[in-house]
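Peer 1: Sharing a structure here in structure tokens format.
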Amino acid sequence: MRLPGVYDYCVIGGGIVGVATAYRLLDRHPGASLLLVEKADALGVHQTGHNSGVIHSGIYYEPGSLKARLCRAGAQQTKEFAAAHDIPFRVCGKLLVATDSAEHARMLALYERSVTNDVEVELLDTAELVRREPRVTGVGALFVPSTGIIDYQRVTDALADEVRAAGGEIVLGAEVTAIDETTDAVTVSGPSGSWRAARLVVCGGLQADRLARLAGVDTDLRIVPFRGEYYQLPPERSDLVHTLIYPIPDPELPFLGVHLSPTIDGGLTVGPNAVLGLAREGYRKGSVDLRDAREILGYRGFHRVAAANVRTGLREMRNSVFKRGYLAECRRYCPELTRQDLLPREAGIRAQAVRRDGTLVHDFLLERTARSVHVLNAPSPAATSALPIAAHIAAQLDA
């Protein structure tokens, strides 16, 4: 029996994972009372609204991992949800291009992983690559036909409409500064008010570790923000390529590299890189939040990540400062790009969980308490995977 004044469910976080979780909980429990609280004045303003808009296939991820399983399911569910809600999407496919022998060897290993992950992939030689994309060059490529593009902000808004239609409440501008879990309920409070719920889900994104600490979750990780800087190509260059063009990623890093991405509104973007951010929610170049900077620079796990990736970090910083270096990353597979093609576009910030020993958390990561589930790591492909992540969370919460 629900206690008076106590919601059945509370969700903290109005990004796509949080809103999808509210949607799945109400679908699983029709008539339940649910509250979603979001610090910002709108939904989807952080990672959800600052990504490449790609519907990922699941090719990259460790076989058996949550990312591998949930991304494959999420790609299909995202397309089905979009079709049912008149949200435009396009299945344009993706080319992962190898530009030298070392990348070609990694490409073949990635092809074997795609087979294990049951993702349809075509192995292309140079001639076939050039036939499909005449302005792209490489020694070989993988073509993933199921990859698509969409606007995840529109998906989030449609999910929010479904939540409200099912009786859920969404409160914006509501920062959470305290979480108190007892044997009977969880109390969530902040400057805007206080609410009680029988069950809590925290999808805090860039603030996930801080919200976990507020709730007394015992975890050794911290969120380290990485700025992903994008450029927009001029409209007259939007037909430069017709598919998504990605480099072959470094398997030791969680970033996919600078890529060319057609967008659902007809544009073409380049990016992102991955530069340490000194403000978790500061999107302008040079943004610094003193609290964020102190936590990052004083964290032993970050020191170990930095020491293990000195060359990569310096290259990313150089390419952030000098457009020529950034351009060189793109011209390895698209040599006709020029500096004049790279027009400004707002950056994104990736919430990357890092453990105290310097381990980068690659997979989605959830932690449970008696009455709550905390999503501690949900970077890309979380937008693609949001609906099955939400179903997974709902099942854990009811277990």
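Residue numbering restarts at 1 for every chain of the structure tokens, chains are lettered A, B, ... in their displayed order, and ligands are numbered from 1 as they appear.
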DSSP on the backbone: what in segment 23-211 of chain A comes out helix (DSSP H, G or I), as a ChimeraX atom specification?

Peer 2: /A:23-28,47-49,66-84,101-116,126-132,152-165,205-211

Peer 1: Write out as number ranges by chain the residues lying within 10 Å of Asp151 of chain A, counting only C-alpha atoms and excluding same-chain residues fewer than 4 positions away.

Peer 2: A: 48-49, 51-55, 82, 87-89, 155-156, 263-265

Peer 1: Report the distance between atom CA of Val224 of chain A and atom CA of Ala73 of chain A in Å, rounded to one decimal place.

Peer 2: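 Separation of atom CA of Val224 of chain A and atom CA of Ala73 of chain A: 27.9 Å.
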
Peer 1: Segment 142-230 of chain A: which residues are strand (DSSP E or B) by DSSP, as a VMD selection string?

Peer 2: chain A and resid 142 to 144 148 to 150 169 to 171 178 to 181 186 to 190 193 to 202 222 to 230

Peer 1: Under the rule that only C-alpha atoms are counted, which of A:Leu397, A:Ile245, A:Ala178, A:Ala40 is the nearest residue to His374 of chain A?

Peer 2: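 Smallest separation from His374 of chain A among the options: A:Leu397.
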
Peer 1: As a PDB file with all heavy atoms, in the first residue's frame, please: the residues near His56 of chain A (cut-off 10 Å, only C-alpha atoms, same-chain neighbours under 3 positions excluded).

Peer 2:
```pdb
ATOM      1  N   GLY A  53      23.461  12.703 -33.139  1.00  0.00           N
ATOM      2  CA  GLY A  53      22.177  12.264 -33.649  1.00  0.00           C
ATOM      3  C   GLY A  53      22.233  10.945 -34.392  1.00  0.00           C
ATOM      4  O   GLY A  53      21.425  10.701 -35.292  1.00  0.00           O
ATOM      5  N   ILE A  59      28.156  -2.216 -33.127  1.00  0.00           N
ATOM      6  CA  ILE A  59      29.309  -2.938 -33.662  1.00  0.00           C
ATOM      7  C   ILE A  59      30.519  -2.897 -32.740  1.00  0.00           C
ATOM      8  O   ILE A  59      31.297  -3.844 -32.665  1.00  0.00           O
ATOM      9  CB  ILE A  59      29.694  -2.378 -35.058  1.00  0.00           C
ATOM     10  CG1 ILE A  59      30.869  -3.172 -35.652  1.00  0.00           C
ATOM     11  CG2 ILE A  59      30.002  -0.896 -35.000  1.00  0.00           C
ATOM     12  CD1 ILE A  59      31.235  -2.756 -37.057  1.00  0.00           C
ATOM     13  N   TYR A  60      30.713  -1.801 -32.004  1.00  0.00           N
ATOM     14  CA  TYR A  60      31.978  -1.580 -31.311  1.00  0.00           C
ATOM     15  C   TYR A  60      32.147  -2.364 -30.011  1.00  0.00           C
ATOM     16  O   TYR A  60      33.265  -2.594 -29.571  1.00  0.00           O
ATOM     17  CB  TYR A  60      32.114  -0.096 -30.929  1.00  0.00           C
ATOM     18  CG  TYR A  60      32.039   0.876 -32.052  1.00  0.00           C
ATOM     19  CD1 TYR A  60      30.906   1.657 -32.244  1.00  0.00           C
ATOM     20  CD2 TYR A  60      33.106   1.059 -32.927  1.00  0.00           C
ATOM     21  CE1 TYR A  60      30.832   2.581 -33.266  1.00  0.00           C
ATOM     22  CE2 TYR A  60      33.043   1.982 -33.953  1.00  0.00           C
ATOM     23  CZ  TYR A  60      31.903   2.741 -34.115  1.00  0.00           C
ATOM     24  OH  TYR A  60      31.829   3.659 -35.126  1.00  0.00           O
ATOM     25  N   CYS A  71      22.328  -1.758 -27.165  1.00  0.00           N
ATOM     26  CA  CYS A  71      22.414  -0.908 -28.348  1.00  0.00           C
ATOM     27  C   CYS A  71      21.695  -1.561 -29.528  1.00  0.00           C
ATOM     28  O   CYS A  71      20.963  -0.891 -30.270  1.00  0.00           O
ATOM     29  CB  CYS A  71      23.875  -0.610 -28.694  1.00  0.00           C
ATOM     30  SG  CYS A  71      24.066   0.576 -30.042  1.00  0.00           S
ATOM     31  N   ARG A  72      21.911  -2.842 -29.718  1.00  0.00           N
ATOM     32  CA  ARG A  72      21.231  -3.531 -30.822  1.00  0.00           C
ATOM     33  C   ARG A  72      19.714  -3.426 -30.665  1.00  0.00           C
ATOM     34  O   ARG A  72      18.994  -3.115 -31.613  1.00  0.00           O
ATOM     35  CB  ARG A  72      21.641  -5.009 -30.868  1.00  0.00           C
ATOM     36  CG  ARG A  72      23.056  -5.250 -31.327  1.00  0.00           C
ATOM     37  CD  ARG A  72      23.241  -6.707 -31.739  1.00  0.00           C
ATOM     38  NE  ARG A  72      22.820  -7.664 -30.727  1.00  0.00           N
ATOM     39  CZ  ARG A  72      23.569  -8.078 -29.710  1.00  0.00           C
ATOM     40  NH1 ARG A  72      24.801  -7.601 -29.573  1.00  0.00           N
ATOM     41  NH2 ARG A  72      23.124  -8.968 -28.851  1.00  0.00           N
ATOM     42  N   GLY A  74      18.147  -1.232 -28.862  1.00  0.00           N
ATOM     43  CA  GLY A  74      17.761   0.174 -28.879  1.00  0.00           C
ATOM     44  C   GLY A  74      17.640   0.745 -30.263  1.00  0.00           C
ATOM     45  O   GLY A  74      16.764   1.583 -30.530  1.00  0.00           O
ATOM     46  N   ALA A  75      18.513   0.321 -31.171  1.00  0.00           N
ATOM     47  CA  ALA A  75      18.430   0.821 -32.545  1.00  0.00           C
ATOM     48  C   ALA A  75      17.065   0.499 -33.140  1.00  0.00           C
ATOM     49  O   ALA A  75      16.414   1.355 -33.760  1.00  0.00           O
ATOM     50  CB  ALA A  75      19.551   0.216 -33.383  1.00  0.00           C
ATOM     51  N   GLN A  76      16.611  -0.730 -32.946  1.00  0.00           N
ATOM     52  CA  GLN A  76      15.315  -1.124 -33.493  1.00  0.00           C
ATOM     53  C   GLN A  76      14.178  -0.416 -32.774  1.00  0.00           C
ATOM     54  O   GLN A  76      13.233   0.085 -33.411  1.00  0.00           O
ATOM     55  CB  GLN A  76      15.145  -2.643 -33.382  1.00  0.00           C
ATOM     56  CG  GLN A  76      13.859  -3.165 -33.997  1.00  0.00           C
ATOM     57  CD  GLN A  76      13.762  -2.879 -35.489  1.00  0.00           C
ATOM     58  OE1 GLN A  76      14.770  -2.886 -36.198  1.00  0.00           O
ATOM     59  NE2 GLN A  76      12.559  -2.611 -35.960  1.00  0.00           N
ATOM     60  N   GLY A  93      23.265   4.340 -43.181  1.00  0.00           N
ATOM     61  CA  GLY A  93      24.443   3.485 -43.100  1.00  0.00           C
ATOM     62  C   GLY A  93      25.681   4.241 -42.651  1.00  0.00           C
ATOM     63  O   GLY A  93      25.719   5.485 -42.646  1.00  0.00           O
ATOM     64  N   LYS A  94      26.698   3.476 -42.282  1.00  0.00           N
ATOM     65  CA  LYS A  94      27.947   4.066 -41.785  1.00  0.00           C
ATOM     66  C   LYS A  94      29.132   3.324 -42.374  1.00  0.00           C
ATOM     67  O   LYS A  94      29.143   2.098 -42.450  1.00  0.00           O
ATOM     68  CB  LYS A  94      27.998   3.989 -40.256  1.00  0.00           C
ATOM     69  CG  LYS A  94      29.327   4.408 -39.657  1.00  0.00           C
ATOM     70  CD  LYS A  94      29.239   4.637 -38.170  1.00  0.00           C
ATOM     71  CE  LYS A  94      28.929   3.393 -37.382  1.00  0.00           C
ATOM     72  NZ  LYS A  94      28.914   3.648 -35.934  1.00  0.00           N
ATOM     73  N   VAL A 144      28.218  -0.505 -42.333  1.00  0.00           N
ATOM     74  CA  VAL A 144      27.175  -0.956 -41.407  1.00  0.00           C
ATOM     75  C   VAL A 144      25.855  -0.383 -41.898  1.00  0.00           C
ATOM     76  O   VAL A 144      25.566   0.797 -41.687  1.00  0.00           O
ATOM     77  CB  VAL A 144      27.465  -0.492 -39.967  1.00  0.00           C
ATOM     78  CG1 VAL A 144      26.477  -1.132 -38.990  1.00  0.00           C
ATOM     79  CG2 VAL A 144      28.890  -0.811 -39.562  1.00  0.00           C
ATOM     80  N   SER A 146      22.715  -0.666 -41.051  1.00  0.00           N
ATOM     81  CA  SER A 146      21.591  -0.365 -40.152  1.00  0.00           C
ATOM     82  C   SER A 146      21.729   0.966 -39.421  1.00  0.00           C
ATOM     83  O   SER A 146      20.778   1.420 -38.773  1.00  0.00           O
ATOM     84  CB  SER A 146      21.442  -1.484 -39.116  1.00  0.00           C
ATOM     85  OG  SER A 146      22.595  -1.563 -38.301  1.00  0.00           O
ATOM     86  N   THR A 147      22.883   1.613 -39.494  1.00  0.00           N
ATOM     87  CA  THR A 147      23.095   2.864 -38.769  1.00  0.00           C
ATOM     88  C   THR A 147      22.236   3.975 -39.370  1.00  0.00           C
ATOM     89  O   THR A 147      22.086   4.075 -40.590  1.00  0.00           O
ATOM     90  CB  THR A 147      24.573   3.263 -38.811  1.00  0.00           C
ATOM     91  OG1 THR A 147      25.353   2.188 -38.295  1.00  0.00           O
ATOM     92  CG2 THR A 147      24.829   4.508 -37.983  1.00  0.00           C
ATOM     93  N   GLY A 148      21.681   4.806 -38.506  1.00  0.00           N
ATOM     94  CA  GLY A 148      20.805   5.870 -38.980  1.00  0.00           C
ATOM     95  C   GLY A 148      21.053   7.185 -38.283  1.00  0.00           C
ATOM     96  O   GLY A 148      21.980   7.326 -37.467  1.00  0.00           O
ATOM     97  N   ILE A 149      20.232   8.177 -38.601  1.00  0.00           N
ATOM     98  CA  ILE A 149      20.328   9.499 -37.991  1.00  0.00           C
ATOM     99  C   ILE A 149      18.935   9.950 -37.572  1.00  0.00           C
ATOM    100  O   ILE A 149      17.923   9.587 -38.192  1.00  0.00           O
ATOM    101  CB  ILE A 149      20.963  10.537 -38.936  1.00  0.00           C
ATOM    102  CG1 ILE A 149      20.252  10.559 -40.300  1.00  0.00           C
ATOM    103  CG2 ILE A 149      22.442  10.268 -39.101  1.00  0.00           C
ATOM    104  CD1 ILE A 149      20.783  11.631 -41.247  1.00  0.00           C
ATOM    105  N   SER A 380      27.565   7.625 -24.790  1.00  0.00           N
ATOM    106  CA  SER A 380      27.207   6.991 -26.062  1.00  0.00           C
ATOM    107  C   SER A 380      27.494   5.486 -26.015  1.00  0.00           C
ATOM    108  O   SER A 380      28.530   5.075 -25.482  1.00  0.00           O
ATOM    109  CB  SER A 380      28.025   7.622 -27.194  1.00  0.00           C
ATOM    110  OG  SER A 380      27.715   7.038 -28.428  1.00  0.00           O
ATOM    111  N   PRO A 381      26.556   4.654 -26.469  1.00  0.00           N
ATOM    112  CA  PRO A 381      25.338   4.927 -27.226  1.00  0.00           C
ATOM    113  C   PRO A 381      24.078   4.982 -26.367  1.00  0.00           C
ATOM    114  O   PRO A 381      23.069   4.330 -26.704  1.00  0.00           O
ATOM    115  CB  PRO A 381      25.291   3.744 -28.187  1.00  0.00           C
ATOM    116  CG  PRO A 381      25.774   2.592 -27.324  1.00  0.00           C
ATOM    117  CD  PRO A 381      26.821   3.187 -26.416  1.00  0.00           C
ATOM    118  N   ALA A 382      24.090   5.752 -25.291  1.00  0.00           N
ATOM    119  CA  ALA A 382      22.935   5.771 -24.389  1.00  0.00           C
ATOM    120  C   ALA A 382      21.685   6.310 -25.067  1.00  0.00           C
ATOM    121  O   ALA A 382      20.580   5.841 -24.780  1.00  0.00           O
ATOM    122  CB  ALA A 382      23.256   6.592 -23.150  1.00  0.00           C
ATOM    123  N   ALA A 383      21.823   7.293 -25.962  1.00  0.00           N
ATOM    124  CA  ALA A 383      20.632   7.818 -26.633  1.00  0.00           C
ATOM    125  C   ALA A 383      19.986   6.731 -27.481  1.00  0.00           C
ATOM    126  O   ALA A 383      18.775   6.508 -27.416  1.00  0.00           O
ATOM    127  CB  ALA A 383      20.995   9.034 -27.476  1.00  0.00           C
ATOM    128  N   THR A 384      20.798   6.032 -28.275  1.00  0.00           N
ATOM    129  CA  THR A 384      20.282   4.915 -29.069  1.00  0.00           C
ATOM    130  C   THR A 384      19.643   3.858 -28.173  1.00  0.00           C
ATOM    131  O   THR A 384      18.600   3.287 -28.500  1.00  0.00           O
ATOM    132  CB  THR A 384      21.417   4.264 -29.872  1.00  0.00           C
ATOM    133  OG1 THR A 384      21.980   5.230 -30.754  1.00  0.00           O
ATOM    134  CG2 THR A 384      20.930   3.063 -30.676  1.00  0.00           C
ATOM    135  N   SER A 385      20.270   3.592 -27.034  1.00  0.00           N
ATOM    136  CA  SER A 385      19.886   2.468 -26.165  1.00  0.00           C
ATOM    137  C   SER A 385      18.873   2.851 -25.106  1.00  0.00           C
ATOM    138  O   SER A 385      18.535   2.018 -24.256  1.00  0.00           O
ATOM    139  CB  SER A 385      21.145   1.922 -25.466  1.00  0.00           C
ATOM    140  OG  SER A 385      22.186   1.689 -26.377  1.00  0.00           O
TER     141      SER A 385
END
```

Peer 1: Using only C-alpha atoms, which residues sit within 7 Å of segment 298-312 of chain A once same-chain residues fewer than 5 positions away are excluded, as a PyMOL selection string?

Peer 2: chain A and resi 354-358
